[in-house]
Amino acid sequence: MIRRTDALNYHSQERPGKIEVKSTKPCLTQRDLSMAYTPGVAEPCREIEMVPGKVFDYTTKGNLVAVVTNGTAVLGLGNIGPLAAKPVMEGKAVLFKRFADIDVFDIELDTTDPEEIIQVVRLLEPTFGGINLEDIKAPECFQVEERLKEIMNIPVFHDDQHGTAIISGAALLNALEIQRKRIDHVKVVFSGAGAAGIACAGLYIKLGVKKENLFLVDSNGLVYNGREKGMNPYKQRFANGENPMTLAEVMRGADVFAGVSAADLVTKEMVKGMAGRPIIFALANPDPEIGYPEAVSVRDDLIMATGRSDYPNQVNNVLGFPFIFRGALDVGATAINDEMKIAAVHSLAELARQDVPDSVLKAYGMDAMEFGPDYIIPKPFDPRILAWEAIAVARAAVETGVARKPITDWDEYRNTLESRLGRAQEVMRRIIQKAKRDPKRIVFLEGTEPKIMRACQVILDEQIAKPILLGNRVVIRKLAAEHHLDLKGATVVDPNKFERLDDYAFEFYRLRCRKGITRQDAKKLLKNNPNYLGAMMVRMCDADGLIGGVNQHYPDTIRPALQTLPLEKGTTVIAGVYMMVFQKDVYFFADTTVNIDPTAEQLAEIAIVTADTVKQLDIQPRVAMLSFSNFGSTRHPRAEKVIRATEIVKHRRPDIVIDGEMQADTAVVTEILNGVYDFNTLRKRANILIFPSLEAGNIAFKLMSRLGGAKAIGPILMGTSEAIHVLQRNCDVEDIVHTTALAVIDAQEHKKCFFTERLVGTGA
């Protein structure tokens with residue numbers, strides 16, 4: 001559920017809006033400044049003046065798209081004007097960047113005159129490599145796109161038309177195959193004759209639907225020959241029949257219904273009247289022409305798609321426009337022609353028929369996904385789409401002669417595409433999905449902290465965990481109301497009214513009576529210090545994991561847990577690891593929080609528990625044992641400690657891919673690793689970096705998070721018998737959500753081990 005306050009906070013927090021411009025070249029010194037501007041900039045200017053095509057070599061034009069609107073037909077909002085449409089266009093820019101690494105300037109035009117739009121966009125051609133028209137009402141949108149395609153020498157694409165057409169076209173091909181129907185035999189009925197409806201109808205005919213079998217219905221009924229009311233030349237192309245008919249009448253005996261109109265226009269009776277094995281695309285957003293539950297309640301032989309993510313077969317335009325532009329830009333296409341659109345259709349249809357890799361299943365928290373009635377188009381977060389669709393579009397551009405820069409090595413192009421987008425967000429999404437498969441009870445020590453409460457709202461909405469908030473119940477309710485939070489589903493434990501306090505105090509006294517704790521001390525400590533109460537909740541099995549530290553020093557949070565909970569079986573040290581999320585990859589830094597100067601044996605154990613922790617996240621660990629020395633280049637006791645630790649790990653756990661001692665750049669630069677030191681056993685760059693001392697690890701993770709652009713998630717506390725996680729002070733809501741997901745996975749693993757031990761112990 002998206003709440004109004006959450007959405008407004010998302011858009012206004014820190015820097016307002018969703019996009020920014022970043023320099024891709026250094027500008028730190030006087031020389032950098034001279035290169036970026038005067039006099040150095042004169043050289044590429046002269047080159048481009050002599051050879052205009054070199055603009056793609058020396059500027060960002062080849063990776064820059066304009067998203068242009070006048071805000072007259074914003075999805076679900078209508079004619080809200082250019083200013084109110086700006087957040088939507090910024091959102092479009094985010095999707096271009098996230099899914100295809102394409103840069104975008106959003107351009108909102110204060111005019112409803114098609115001629116003015118055409119002239120403004122035409123004059124922008126020197127700046128951009130492509131134009132994405134967005135949310136311009138019909139029929140003006142048709143006129144604008146047609147004219148711009150005629151007069152411009154770069155791709156022009158109206159996503160409201162062609163995006164929906166391409167994605168639903170792929171769904172149509174696969175649905176027809178499953179339903180065993182020929183495309184040239186089916187009767188297709190459209191509800192909606194705006195931009196999307198007209199474009200879908202046109203593309204369906206190009207895919208093989210017979211024009212005489214396609215019926216277009218708008219708010220005035222069937223578009224038929226001779227009709228005058230509400231007509232325009234674009235509708236007239238699809239006029240069919242000689243007499244007026246209602247949508248209900250036209251749908252009788254239809255094989256395919258495609259709705260791009262408004263909610264609740266289709267009834268159960270209309271669905272019953274369709275042909276056997278029907279196909280229904282109810283794509284009105286946010287509410288479809290008929291709800292999925294209503295449709296399937298009257299037909300068990302149908303295949304249905306909607307625009308919603310909570311039902312099977314979501315037709316989402318994000319499956320199209322980023323990848324279509326990616327392919328078009330990479331070959332310097334002068335247009336996006338019909339052949340490129342049809343290539344996109346077939347690439348998506350074919351991808352849905354392939355085996356779905358585990359990474360996609362994990363991303364969506366599913367055990368299985370295969371081509372069939374509930375899976376006719378790929379999922380939006382399937383990372384394979386970029387290569388499949390962009391290559392198909394680029395190849396079609398080359399074959400049809402609209403490519404300025406034809407590609408000859410398609411294997412190399414595929415490698416380039418796969419390296420464009422980093423794995424960082426993919427990894428974090430997989431972690432959250434894994435947590436959602438089996439949410440655990442996580443107690444938050446600072447339950448009255450607004451930041452914790454806001455994070456718990458997200459955690460509840462996303463069903464990542466079952467939050468337990470420690471704190472005064474009245475205060476929590478008051479703060480929740482002030483921040484417009486609905487924490488129904490979270491458990492609130494008030495220490496002053498906790499019914500099990502005496503039981504907890506007795507158990508804590510039993511644990512610490514020889515450490516200076518009296519019965520009175522135990523009860524007072526648990527009542528007044530939530531860190532101890534939270535740790536005891538985990539010990540007493542009233543919680544599965546613990547999170548704290550948002551406004552406390554690290555030792556103050558961790559000490560009660562260590563005094564209350566034992567170490568992991570077979571473990572003698574605890575350690576902290578940070579998950580360092582960079583734009584292109586994820587690394588794990590350990591130990592960054594606990595062991596000041598570990599021995600070789602302790603260092604080996606830190607490496608082992610870190611590798612096991614990373615493996616829980618479905619990431620194959622590759623461990624580098626760091627030092628100031630590379631494979632014996634410097635003889636020193638500190639380097640020899642790392643060598644000894646590496647040998648211990650290789651002996652104890654030969655299944656772990658590990659090598660060392662090595663310098664940090666050797667560990668993460670493949671050219672150094674496999675060039676100078678080609679005898680190494682890692683072969684690929686490491687994703688786990690084990691530091692030889694606390695000062696080295698702590699300094700490295702803080703520098704990377706402050707200066708290196710990394711997002712530090714953690715620390716993840718390793719070596720304890722339960723899921724205990726400490727937040728960084730002054731962390732944000734997103735950090736808390738991510739750490740909670742990690743804590744849930746940790747708790748899942750601990751419970752799994754606990755039950756496995758019980759089964760083994762009972763001889764089951």
# chains A, B, ... in the order shown; residues from 1 in each chain; ligands from 1
call {"tool": "select_by_dssp", "arguments": {"residues": "segment 111-155 of chain A", "states": "strand (DSSP E)", "output": "list in words"}}
result
Gly130, Ile131, Asn132 and Leu133 of chain A
call {"tool": "select_by_dssp", "arguments": {"residues": "segment 376-541 of chain A", "states": "helix (DSSP H, G or I)", "output": "PyMOL selection string"}}
result
chain A and resi 385-399+410-420+424-437+450-462+473-482+495-497+501-515+519-528+530-539
call {"tool": "residues_around", "arguments": {"residues": "Ala171 of chain A", "least_positions_apart": "6", "cutoff": "8 Å", "atoms": "only C-alpha atoms", "output": "count of residues only"}}
result
4
call {"tool": "atom_distance", "arguments": {"atom1": "atom CA of Val360 of chain A", "atom2": "atom CA of Asn415 of chain A"}}
result
19.4 Å
